[in-house]
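The structure appears right after this line, and notes come after that.
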Amino acid sequence: MKNNGGTKKKAPKFKIDRHGWLRQYTGYTSSGFNIPTASTQQTRCHNLAKKSKLAPLRHVLSPNFSERPLGLKPTLLVIHYISLPPDQFGGPYIEQLFTNRLNPTEHPFFEEIKDLRVSAHFLVRRNGQIVQFVSTEKMAFHAGQSDFFGRGPCNPYSIGIELEGNGTTAFEDIQYDRLALLTNALKLRYGLTAVRGHEHIAPGRKQDPGPFFDWQRYAKAAGWTKRQQP
Ligand SMILES: [Zn+2]
């Protein structure tokens, strides 16, 4: 497994707070959790260490969300991949897309997608950093036209996680690690009963997370039973 910065680091601990925001448990303060402030600040770094160190968690607020109908709680987890421009990793463009700040002149593909109003609750970057865009109490715009066992479009009753990736590249070890930690935090907070890929709820239309996503590995790490996974 790769590690960041050459020193063996303990895995971060996460929990979803009552407002639907992922919090990193630092273990250093008596209250145990960073105080929720995400609603008043565009971006917040939760790492107390130097700026040069990678924060395990950031909050970047997306305007692309709405209330869940009738206080519906999420029961389905949907896994996606995304890369912008397609097949390029590491740029700021996914965050820009989810916050409606993509500059269409920077890449021909951006011109095509500049008017999309999309989001996901979470993005797990290639380096393992988790970015949260939408409270899990709210509905993110990640699934589009979709269906799960005849319930209709999945956004109202699902949580969407994007992995930075594509259909031709293996995902990073740390992405599996952080995805499992995130999933466990979500399962602790919500009665999630199933996980699917975007390709399963929108067959023919979507291909993500695709053939390079190792469902067995993920399901084992995150404790999904056979019946709960695709
Ligand atoms: Zn997708």
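Following the order of the structure tokens, chains are lettered A, B, ..., residues in each are numbered from 1, and ligands are numbered from 1.
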* To do: Would you list the residues that come within 8 Å of ligand 1? Count only C-alpha atoms and all ligand atoms and give the answer as a PyMOL selection string.
  => chain A and resi 79-82+142-143+162+197-199+206-209
Take the residues from that selection and put them in a file with C-alpha atoms, as a PDB file, in the first residue's frame.
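Written out: selection.pdb:
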ATOM      1  CA  ILE A  79     -20.817   4.150  -6.538  1.00  0.00           C
ATOM      2  CA  HIS A  80     -19.577   6.194  -9.516  1.00  0.00           C
ATOM      3  CA  TYR A  81     -16.369   7.159 -11.206  1.00  0.00           C
ATOM      4  CA  ILE A  82     -15.487  10.516 -12.699  1.00  0.00           C
ATOM      5  CA  HIS A 142     -25.750  12.112  -9.133  1.00  0.00           C
ATOM      6  CA  ALA A 143     -27.950   9.311 -10.450  1.00  0.00           C
ATOM      7  CA  GLU A 162     -17.708   9.390  -6.861  1.00  0.00           C
ATOM      8  CA  GLY A 197     -22.898   1.002  -9.250  1.00  0.00           C
ATOM      9  CA  HIS A 198     -24.305   3.712 -11.470  1.00  0.00           C
ATOM     10  CA  GLU A 199     -24.156   1.102 -14.246  1.00  0.00           C
ATOM     11  CA  LYS A 206     -23.903   4.492 -17.639  1.00  0.00           C
ATOM     12  CA  GLN A 207     -20.769   2.364 -17.313  1.00  0.00           C
ATOM     13  CA  ASP A 208     -19.382   3.476 -13.968  1.00  0.00           C
ATOM     14  CA  PRO A 209     -17.717   2.330 -11.789  1.00  0.00           C
TER      15      PRO A 209
END
* DSSP says helix (DSSP H, G or I) for which residues of region 44-204 of chain A? Put them as a ChimeraX atom specification? -> /A:69-71,93-98,108-113,155-157,173-189,198-201
* Skip region 60-76 of chain A itself and residues of its chain fewer than 6 positions away, then list as number ranges by chain all residues within 7 Å of it, counting only C-alpha atoms. => A: 42-43, 98-99, 117-119, 131-134, 138-141, 156-159, 190-195
Quick one: residues within 8 Å of region 210-225 of chain A, only C-alpha atoms, excluding same-chain residues fewer than 4 positions away - as a JSON list (two decimals) with C-alpha atoms, in the first residue's frame?
[["chain", "number", "residue", "atom", "x", "y", "z"],
["A", 166, "ASN", "CA", -12.18, 5.83, -15.26],
["A", 167, "GLY", "CA", -13.03, 2.60, -17.05],
["A", 168, "THR", "CA", -9.47, 1.66, -17.98],
["A", 169, "THR", "CA", -7.40, 2.18, -14.83],
["A", 170, "ALA", "CA", -7.28, 0.28, -11.55],
["A", 171, "PHE", "CA", -8.41, 2.30, -8.56],
["A", 176, "TYR", "CA", -10.61, 1.38, -1.41],
["A", 177, "ASP", "CA", -9.46, 2.05, 2.15],
["A", 179, "LEU", "CA", -14.25, 4.27, 0.56],
["A", 180, "ALA", "CA", -14.64, 1.50, 3.14],
["A", 181, "LEU", "CA", -14.18, 3.94, 6.04],
["A", 183, "THR", "CA", -19.18, 3.47, 3.84],
["A", 184, "ASN", "CA", -18.94, 2.31, 7.43],
["A", 194, "ALA", "CA", -27.90, -2.02, -0.60],
["A", 195, "VAL", "CA", -25.02, -0.76, -2.74],
["A", 199, "GLU", "CA", -24.16, 1.10, -14.25],
["A", 229, "GLN", "CA", -24.20, -5.91, -3.41]]
* Asked: Which residues come within 9 Å of Leu116 (chain A), counting only C-alpha atoms, excluding same-chain residues fewer than 3 positions away, as a PyMOL selection string?
  -> chain A and resi 97-98+100+112-113
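Residue nearest Lys15 (chain A), chosen from A:Pro86, A:Pro153, A:Leu57, A:Glu164 and counting only C-alpha atoms: A:Leu57.
CA of Arg178 (chain A) lies 16.9 Å from CA of Gly90 (chain A).
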* Determine which residues of region 61-201 of chain A DSSP labels as strand (DSSP E) from the backbone of this structure, then write them out as a PyMOL selection string. => chain A and resi 65-67+76-82+122-124+130-132+138-140+158-164+194-197
* Skipping near chain neighbours, those fewer than 5 positions away, what residues fall within 7 Å of Ser146 (chain A) using only C-alpha atoms, listed as a ChimeraX atom specification? -> /A:152-154,201-202
